[in-house]
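Undergrad: Here you go, one structure.
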Amino acid sequence: MRVPTNFLGQLDPINALRCGFASLQPISITKTVRLFGLRMRAIEWRFQREEGNADLIKSYPTYVKFLNDSVMQKVTLPQRINPIALSDLLTKKAQEAFDSDLELKSTLKEAEVETTSARPFLKVINFLRKRYDDQKAESISGKTDLFAHSNLPFSFFTDLVMASEIYGGFLDAMQRKTGLYETVWLRKYVNNPRLFGMKFQEMKDSLAPLFDATQQSSFLQKCLTVLVVASNCDSVESLSSLEFVDVGRVESEQFKQLSSEFRSSLDRCASTVLSMEPNAFSQTPSTDLNRAFSEMLVQ
Amino acid sequence: MAFAEILQEDPEVIGKLKLDIQRRQTPCYISVSATNECTNKLAFSENFFDQVFRTFAQGYFDHCRQQQGKNPSDPISEDDFRIFANLFNNLRKTMGPVLQKPLRELEKKMILSVEQMLRQRVRTDFSSFLQGFIGQALILSAHLRIERVKYFVNQLGFFKTNNVMPDSTITAKLMVDVHSSTRNPFHQEDAENISSAWAHKNKSGEKTVFVSIDFRTVIAHAEEILRLIGLQCADPLYAVHYI
């Protein structure tokens with residue numbers, strides 16, 4: 001058994017999204033075209049980055065490096081683990097995951113060169129939502145596998161699954177918000193660069209609380225998993241060959257503290273998602289265990 | 001009540017209560033003590049699954065198979081039912097009375113699932129089989145935590161949270177004077193929840209009914225509680241008729 005790859009700095013779509021679109025600005029290009037012999041005015045849209053920001057593919061590693069360095073500052077690692085080397089390794093893994101994810105890269109690239117429909121966000125979010133649904137079973141299975149190869153508490157895994165469920169809700173809320181802006185408002189103002197730009201900025205501002213909340217929990221999740229995994233390794237090099245994760249090797253006070261922070265951040269995040277999309281999160285799933293839960297929770 | 005709504009238990013009764021509340025435009029509250037109790041119950045259920053699945057995962061099954069001279073990674077077969085029976089019997093011995101029913105429910109589901117797999121000639125090893133159940137428990141636990149936020153933080157249910165705190169004198173009085181028996185116990189949590197409703201009634205001056213589906217621990221003591229502190233406790237089927 002090996003520790004699942006997302007423990008080792010796999011691509012984090014929330015960070016990729018934020019990093020990709022936070023600095024995106026629309027610009028309109030007016031062209032004169034001939035149609036049936038008539039001269040007509042056509043407006044095309046392009047999305048360019050604000051000054052100081054390189055394109056997404058170049059800025060993502062810098063962004064991830066910054067995040068990983070922040071994780072190392074927050075987590076107190078055992079002395080045998082060099083935080084700089086660990087941060088570098090995690091960044092390298094994230095970069096490799098991003099580089100090999102051609103499907104995501106091409107979706108992001110398409111959004112950046114979007115010219116006519118003015119829907120850069122929605123396409124990417126629809127893509128991520130589909131991917132989330134496709135990979136959900138695999139993601140759960142990775143967690144149950146780790147449960148079997150560790151003595152970490154069940155609640156730790158519930159936190160991880162909750163984070164994943166919230167990510168699904170985050171995408172639902174994003175879909176709703178961006179869908180509303182991109183299919184109603186931006187379409188309406190497609191011929192008015194001033195109002196188009198204003199609505200585009202308004203859309204980005206309205207999404208900011210959602211990004212803030214999810215990014216915070218994503219950061220704390222990373223801190224917690226780095227602490228757990230690094231505490232179980234003898235060196236940074238042995239990180240990817242872990243056979244068993246022993247909670248006894250993790251400094252308990254720090255584990256408790258980070259778990260509690262992570263849990264609170266998940267509650268805040270779920271609350272933010274629900275405040276933006278009250279219908280986010282499906283009905284209670286019907287599983288073989290509903291009766292067992294009912295026996296405990298409903299008397 | 002809150003979990004009955006979340007887990008869609010007894011939907012007819014809960015539905016009737018919701019309709020009564022809507023028709024009469026009566027506010028429905030959940031106290032701080034009750035929300036805390038819900039949070040504790042969630043943690044309690046996670047501990048239960050931790051204990052059960054750890055027992056399974058930590059090689060008990062493999063050990064029994066090795067003792068029978070079999071390979072632990074072979075698919076589950078008819079011979080394994082006896083291992084399951086022993087395993088659950090041992091678990092039953094270690095768990096308190098409150099956990100006996102949930103354990104039985106889990107046992108029924110696992111065994112019936114194995115029966116079905118064998119009937120359909122599906123070959124699964126024990127580890128994969130167990131992981132399927134762990135996955136379901138994780139999804140449901142995570143979902144319930146999100147529902148807790150939905151109902152208690154974002155107030156998206158038919159009840160709203162109420163910050164009134166339990167009155168410690170009333171709680172103490174109930175704990176002393178309510179007759180608790182093995183058949184109809186009365187717990188500190190029940191006393192605190194009822195005391196919170198009493199404090200709300202006292203503070204707001206509104207006619208208040210404490211609604212509960214805890215028949216053994218609360219509804220069974222309704223007359224006593226009414227006599228002691230003047231607060232009506234009622235089953236959701238009748239709650240509206242006390243207002």
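Residues are named by chain letter and number: chains run A, B, ... in the order of the structure tokens, numbers start at 1 in each chain, and ligands are numbered from 1 in the order shown.
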Would you mind listing, for every residue of chain A within 6 Å of chain B, the two atoms forming the shortest contact and the distance between them in Å to one decimal, using only C-alpha atoms, sorted by chain and ascending residue number, as a tab-separated table?

TA:
residue	atom	partner	partner_atom	distance
A:Thr144	CA	B:Gln131	CA	5.6
A:Ala148	CA	B:Ala57	CA	5.8
A:Phe154	CA	B:Asp50	CA	5.1
A:Thr158	CA	B:Ala142	CA	5.4
A:Met162	CA	B:Ala142	CA	4.6
A:Ala292	CA	B:Pro102	CA	4.3
A:Glu295	CA	B:Pro102	CA	5.3
A:Val298	CA	B:Ala4	CA	5.9
A:Gln299	CA	B:Asp214	CA	5.4

Undergrad: Which residues of segment 167-285 of chain A come within 7 Å of segment 124-140 of chain A, and what is each one's closest atom pair and distance in Å (one decimal), counting only C-alpha atoms, sorted by chain and residue number, as CSV?

TA:
residue,atom,partner,partner_atom,distance
A:Gly168,CA,A:Tyr132,CA,7.0
A:Leu171,CA,A:Arg129,CA,6.2
A:Gln175,CA,A:Ile125,CA,6.4

Undergrad: For segment 167-173 of chain B, list every protein, DNA or RNA residue within 12 Å, evaluated using only C-alpha atoms, and leave out those in the same chain fewer than 3 positions away; present the list as a ChimeraX atom specification.

TA: /B:33,164,176-179,186-203,224-225,228-231

Undergrad: What is the atom CA of Glu165 of chain A-atom CA of Ser206 of chain A distance in Å, reported with one decimal?

TA: 21.5 Å

Undergrad: Please, what distance in Å, to one decimal, runs between atom CA of Ser150 of chain A and atom CA of Leu67 of chain A?

TA: 26.7 Å

Undergrad: Could you name the residues that touch Thr107 of chain A at 10 Å or less, counting only C-alpha atoms, but leaving out those on the same chain fewer than 2 positions away, as a list in words?

TA: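 With the cut-off at 10 Å, the set is Leu102, Glu103, Leu104, Lys105, Lys109, Glu110, Ala111, Glu112, Pro120, Lys123, Val124, Ile125, Phe127 and Leu128 of chain A.
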
Undergrad: Output N, CA and C atoms for every residue in the selection just made, as a short mmCIF file (atom, residue, chain, number, x, y, z; two decimals), in the first residue's frame.

TA:
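Output file result.cif is given in full below:
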data_model
loop_
_atom_site.label_atom_id
_atom_site.label_comp_id
_atom_site.auth_asym_id
_atom_site.auth_seq_id
_atom_site.Cartn_x
_atom_site.Cartn_y
_atom_site.Cartn_z
N LEU A 102 -3.40 16.84 -19.17
CA LEU A 102 -3.58 17.55 -20.43
C LEU A 102 -5.02 18.02 -20.64
N GLU A 103 -5.95 17.23 -20.12
CA GLU A 103 -7.37 17.56 -20.28
C GLU A 103 -7.70 18.88 -19.58
N LEU A 104 -7.22 19.02 -18.35
CA LEU A 104 -7.49 20.24 -17.59
C LEU A 104 -6.77 21.43 -18.23
N LYS A 105 -5.50 21.17 -18.61
CA LYS A 105 -4.72 22.26 -19.21
C LYS A 105 -5.41 22.79 -20.47
N LYS A 109 -6.83 26.47 -21.07
CA LYS A 109 -6.30 27.24 -22.21
C LYS A 109 -7.44 27.73 -23.10
N GLU A 110 -8.41 26.83 -23.33
CA GLU A 110 -9.58 27.21 -24.14
C GLU A 110 -10.30 28.39 -23.52
N ALA A 111 -10.42 28.36 -22.20
CA ALA A 111 -11.13 29.45 -21.51
C ALA A 111 -10.38 30.76 -21.69
N GLU A 112 -9.04 30.68 -21.67
CA GLU A 112 -8.26 31.90 -21.79
C GLU A 112 -8.34 32.52 -23.18
N PRO A 120 -15.88 32.10 -19.82
CA PRO A 120 -14.66 31.39 -19.48
C PRO A 120 -14.80 30.50 -18.24
N LYS A 123 -17.39 26.96 -18.50
CA LYS A 123 -16.86 25.78 -19.20
C LYS A 123 -15.92 24.99 -18.29
N VAL A 124 -15.05 25.74 -17.59
CA VAL A 124 -14.07 25.08 -16.72
C VAL A 124 -14.80 24.41 -15.55
N ILE A 125 -15.78 25.11 -15.01
CA ILE A 125 -16.49 24.56 -13.85
C ILE A 125 -17.29 23.32 -14.25
N PHE A 127 -16.53 21.31 -16.55
CA PHE A 127 -15.52 20.27 -16.72
C PHE A 127 -15.11 19.69 -15.36
N LEU A 128 -14.86 20.57 -14.38
CA LEU A 128 -14.43 20.10 -13.06
C LEU A 128 -15.55 19.32 -12.36
#
